[in-house]
Amino acid sequence: MYHFFVKDGQIAGSEITIAGSDVNHIRNVLRMKPGEQVRIGNGLDRDFLCVLEEIAAETVTARIVSEAEDTELSARLCLFQGLPKSDKMELIIQKAVELGAYQIVPVATHRAVVKLDGKREEGRLRRWNAIAESAAKQSKRVLVPEVCPVLSFREALKQAKKFDVKLLLYENARGMRSMAEAAERIRPGTTVGIFVGPEGGFEETEVREAELCGWSAVSLGRRILRTETAGLAALAILMYCLETAEWPEIS
Ligand code: SAH
């Protein structure tokens with residue numbers, strides 16, 4: 001089923017008005033007709049199954065039939081990604097969204113290959129967020145994860161200061177038990193930072209600095225994973241833990 005995102009102001013009672021480029025898409029590309037079902041959400045926390053009512057030149061109106069299934073993970077998994085080469089970043093964003101990441105924060109660590117600057121970064125950020133939106137649609141996310149502007153390593157540590165669980169993926173950490181223990185600490189509502197180094201990895205000084213800020217260096221096994229594999233493996237592990245855990249009832 002096609003999925004569209006609108007602003008809260010476009011949801012009025014049981015009626016939703018779609019405007020902008022989606023109208024042309026519905027009318028002329030998808031050639032949809034009144035009566036067809038679509039999914040429409042605000043990209044944050046509301047998502048509905050709807051039926052198209054009127055398809056006009058400038059707007060499309062739809063009637064809400066029911067709430068759509070909540071597909072979000074119960075904890076917020078934020079991926080801090082040391083900047084890799086650009087095509088890899090796009091793959092990472094798409095897959096991280098499919099796996100349920102809450103937010104993606106690109107970080108210019110010491111060994112990051114790509115250092116972005118001003119105007120170029122603006123365009124790239126727009127593209128990255130468009131990739132996140134289309135992956136969110138494809139994977140039936142209620143939330144469209146944000147890809148944040150690139151941060152320096154120190155800014156990233158600062159941004160994650162209040163996170164409940166902070167995992168820095170480090171190939172020199174030993175044993176996966178620490179990853180398992182971290183996963184056990186995650187509860188509904190927990191905010192989790194997952195920090196992945198770029199192709200060249202973290203410098204040892206970065207690992208020490210992060211540890212001083214409360215990050216635990218954790219291993220994903222005895223093999224060296226590529227940067228695009230590491231974050232996705234960590235997200236998959238935590239997603240599995242969250243989706244299979246049985247939390248005691250909160251009274
Ligand atoms: N410094 C290394 C590997 C970098 S791999 C080198 O150049 O040979 C890129 C990133 O993936 C690392 O910074 C780390 O965050 C993550 N990573 C790769 N293998 C890992 C493992 N076995 N355990 C945890 N993290 C890993």
# chains A, B, ... in the order shown; residues from 1 in each chain; ligands from 1
$ residues_near_ligand --ligand "ligand 1" --cutoff "6 Å" --atoms "only C-alpha atoms and all ligand atoms" --output "JSON, numbers by chain"
{"A": [169, 170, 171, 196, 197, 198, 199, 200, 201, 202, 218, 219, 220, 221, 222, 223, 224, 225, 226, 227, 230]}
$ write_last_selection --atoms "N, CA and C atoms" --output "compact mmCIF listing (two decimals), in the first residue's frame"
# COMPACT_ATOMS: atom_id res chain seq x y z
N LEU A 169 31.27 0.84 18.84
CA LEU A 169 31.67 -0.43 18.22
C LEU A 169 33.16 -0.37 17.93
N TYR A 170 33.90 -1.33 18.53
CA TYR A 170 35.35 -1.28 18.45
C TYR A 170 35.91 -2.67 18.20
N GLU A 171 36.63 -2.79 17.10
CA GLU A 171 37.14 -4.11 16.72
C GLU A 171 38.17 -4.64 17.71
N VAL A 196 29.76 4.08 15.25
CA VAL A 196 30.54 3.27 14.32
C VAL A 196 31.65 4.12 13.71
N GLY A 197 32.83 3.58 13.64
CA GLY A 197 33.93 4.32 13.01
C GLY A 197 33.82 4.29 11.49
N PRO A 198 34.53 5.19 10.81
CA PRO A 198 34.54 5.18 9.33
C PRO A 198 35.43 4.04 8.83
N GLU A 199 35.67 4.00 7.53
CA GLU A 199 36.48 2.91 6.95
C GLU A 199 37.79 2.70 7.71
N GLY A 200 38.45 3.78 8.09
CA GLY A 200 39.75 3.67 8.77
C GLY A 200 39.63 3.39 10.25
N GLY A 201 38.43 3.33 10.77
CA GLY A 201 38.22 3.03 12.19
C GLY A 201 38.40 4.25 13.09
N PHE A 202 38.25 4.03 14.39
CA PHE A 202 38.48 5.09 15.38
C PHE A 202 39.96 5.15 15.72
N VAL A 218 32.43 -1.90 22.59
CA VAL A 218 31.91 -3.27 22.49
C VAL A 218 32.31 -3.93 21.17
N SER A 219 32.39 -5.24 21.23
CA SER A 219 32.81 -6.01 20.06
C SER A 219 31.62 -6.63 19.35
N LEU A 220 31.78 -6.78 18.05
CA LEU A 220 30.78 -7.51 17.26
C LEU A 220 31.36 -8.81 16.75
N GLY A 221 32.28 -9.35 17.51
CA GLY A 221 32.87 -10.62 17.12
C GLY A 221 34.32 -10.46 16.69
N ARG A 222 34.97 -11.57 16.37
CA ARG A 222 36.41 -11.56 16.14
C ARG A 222 36.81 -11.19 14.73
N ARG A 223 35.85 -10.96 13.89
CA ARG A 223 36.17 -10.58 12.52
C ARG A 223 36.05 -9.06 12.37
N ILE A 224 36.80 -8.52 11.42
CA ILE A 224 36.69 -7.08 11.16
C ILE A 224 35.56 -6.87 10.16
N LEU A 225 34.59 -6.08 10.55
CA LEU A 225 33.47 -5.79 9.66
C LEU A 225 33.73 -4.46 8.96
N ARG A 226 33.20 -4.32 7.79
CA ARG A 226 33.28 -3.01 7.13
C ARG A 226 32.36 -2.05 7.85
N THR A 227 32.65 -0.77 7.70
CA THR A 227 31.86 0.22 8.43
C THR A 227 30.36 0.09 8.15
N ALA A 230 28.99 -2.94 10.22
CA ALA A 230 29.03 -2.91 11.68
C ALA A 230 27.76 -2.31 12.30
$ residues_around --residues "segment 107-119 of chain A" --least-positions-apart "6" --cutoff "12 Å" --atoms "only C-alpha atoms" --output "PyMOL selection string"
chain A and resi 79-89+125-126+147-157+159+194-207+210+227
$ closest_residue --among "A:Glu53, A:Glu72, A:Glu36, A:Glu246" --to "Glu184 of chain A" --atoms "only C-alpha atoms"
A:Glu246
$ select_by_dssp --residues "segment 72-106 of chain A" --states "helix (DSSP H, G or I)" --output "PyMOL selection string"
chain A and resi 86-98
$ write_last_selection --atoms "N, CA and C atoms" --output "CSV table (one decimal), in the first residue's frame"
chain,number,residue,atom,x,y,z
A,86,SER,N,30.6,8.5,0.1
A,86,SER,CA,29.2,8.9,0.0
A,86,SER,C,28.2,7.8,-0.3
A,87,ASP,N,28.5,6.9,-1.3
A,87,ASP,CA,27.6,5.9,-1.7
A,87,ASP,C,27.3,4.9,-0.5
A,88,LYS,N,28.3,4.7,0.3
A,88,LYS,CA,28.1,3.9,1.5
A,88,LYS,C,27.2,4.5,2.5
A,89,MET,N,27.3,5.8,2.7
A,89,MET,CA,26.4,6.5,3.6
A,89,MET,C,25.0,6.3,3.2
A,90,GLU,N,24.7,6.4,1.9
A,90,GLU,CA,23.4,6.2,1.4
A,90,GLU,C,22.8,4.8,1.7
A,91,LEU,N,23.7,3.8,1.5
A,91,LEU,CA,23.3,2.5,1.9
A,91,LEU,C,23.0,2.3,3.4
A,92,ILE,N,23.9,2.9,4.2
A,92,ILE,CA,23.7,2.8,5.6
A,92,ILE,C,22.4,3.4,6.1
A,93,ILE,N,22.1,4.6,5.5
A,93,ILE,CA,20.9,5.3,5.9
A,93,ILE,C,19.7,4.4,5.5
A,94,GLN,N,19.6,3.9,4.3
A,94,GLN,CA,18.5,3.1,3.9
A,94,GLN,C,18.3,1.9,4.8
A,95,LYS,N,19.4,1.2,5.1
A,95,LYS,CA,19.3,0.0,5.8
A,95,LYS,C,19.0,0.3,7.3
A,96,ALA,N,19.6,1.3,7.8
A,96,ALA,CA,19.4,1.7,9.3
A,96,ALA,C,17.9,2.0,9.5
A,97,VAL,N,17.3,2.7,8.5
A,97,VAL,CA,15.9,3.0,8.6
A,97,VAL,C,15.0,1.7,8.6
A,98,GLU,N,15.4,0.8,7.7
A,98,GLU,CA,14.6,-0.5,7.6
A,98,GLU,C,14.7,-1.2,8.9
$ select_by_dssp --residues "segment 81-192 of chain A" --states "strand (DSSP E)" --output "ChimeraX atom specification"
/A:81-82,103-108,146-147,151-152,165-169,191-192
$ atom_distance --atom1 "atom CA of Trp128 of chain A" --atom2 "atom CA of Pro106 of chain A"
10.2 Å
$ closest_residue --among "A:Val38, A:Met32, A:Leu235, A:Cys213" --to "Lys137 of chain A" --atoms "only C-alpha atoms"
A:Val38
$ residues_around --residues "Ile16 of chain A" --least-positions-apart "5" --cutoff "8 Å" --atoms "only C-alpha atoms" --output "list in words"
Gln10, Ile11, Thr61, Ala62, Arg63 and Ile64 of chain A
$ atom_distance --atom1 "atom CA of Lys166 of chain A" --atom2 "atom CA of Leu212 of chain A"
11.5 Å
$ residues_around --residues "Val6 of chain A" --least-positions-apart "5" --cutoff "8 Å" --atoms "only C-alpha atoms" --output "ChimeraX atom specification"
/A:11,18,40-43
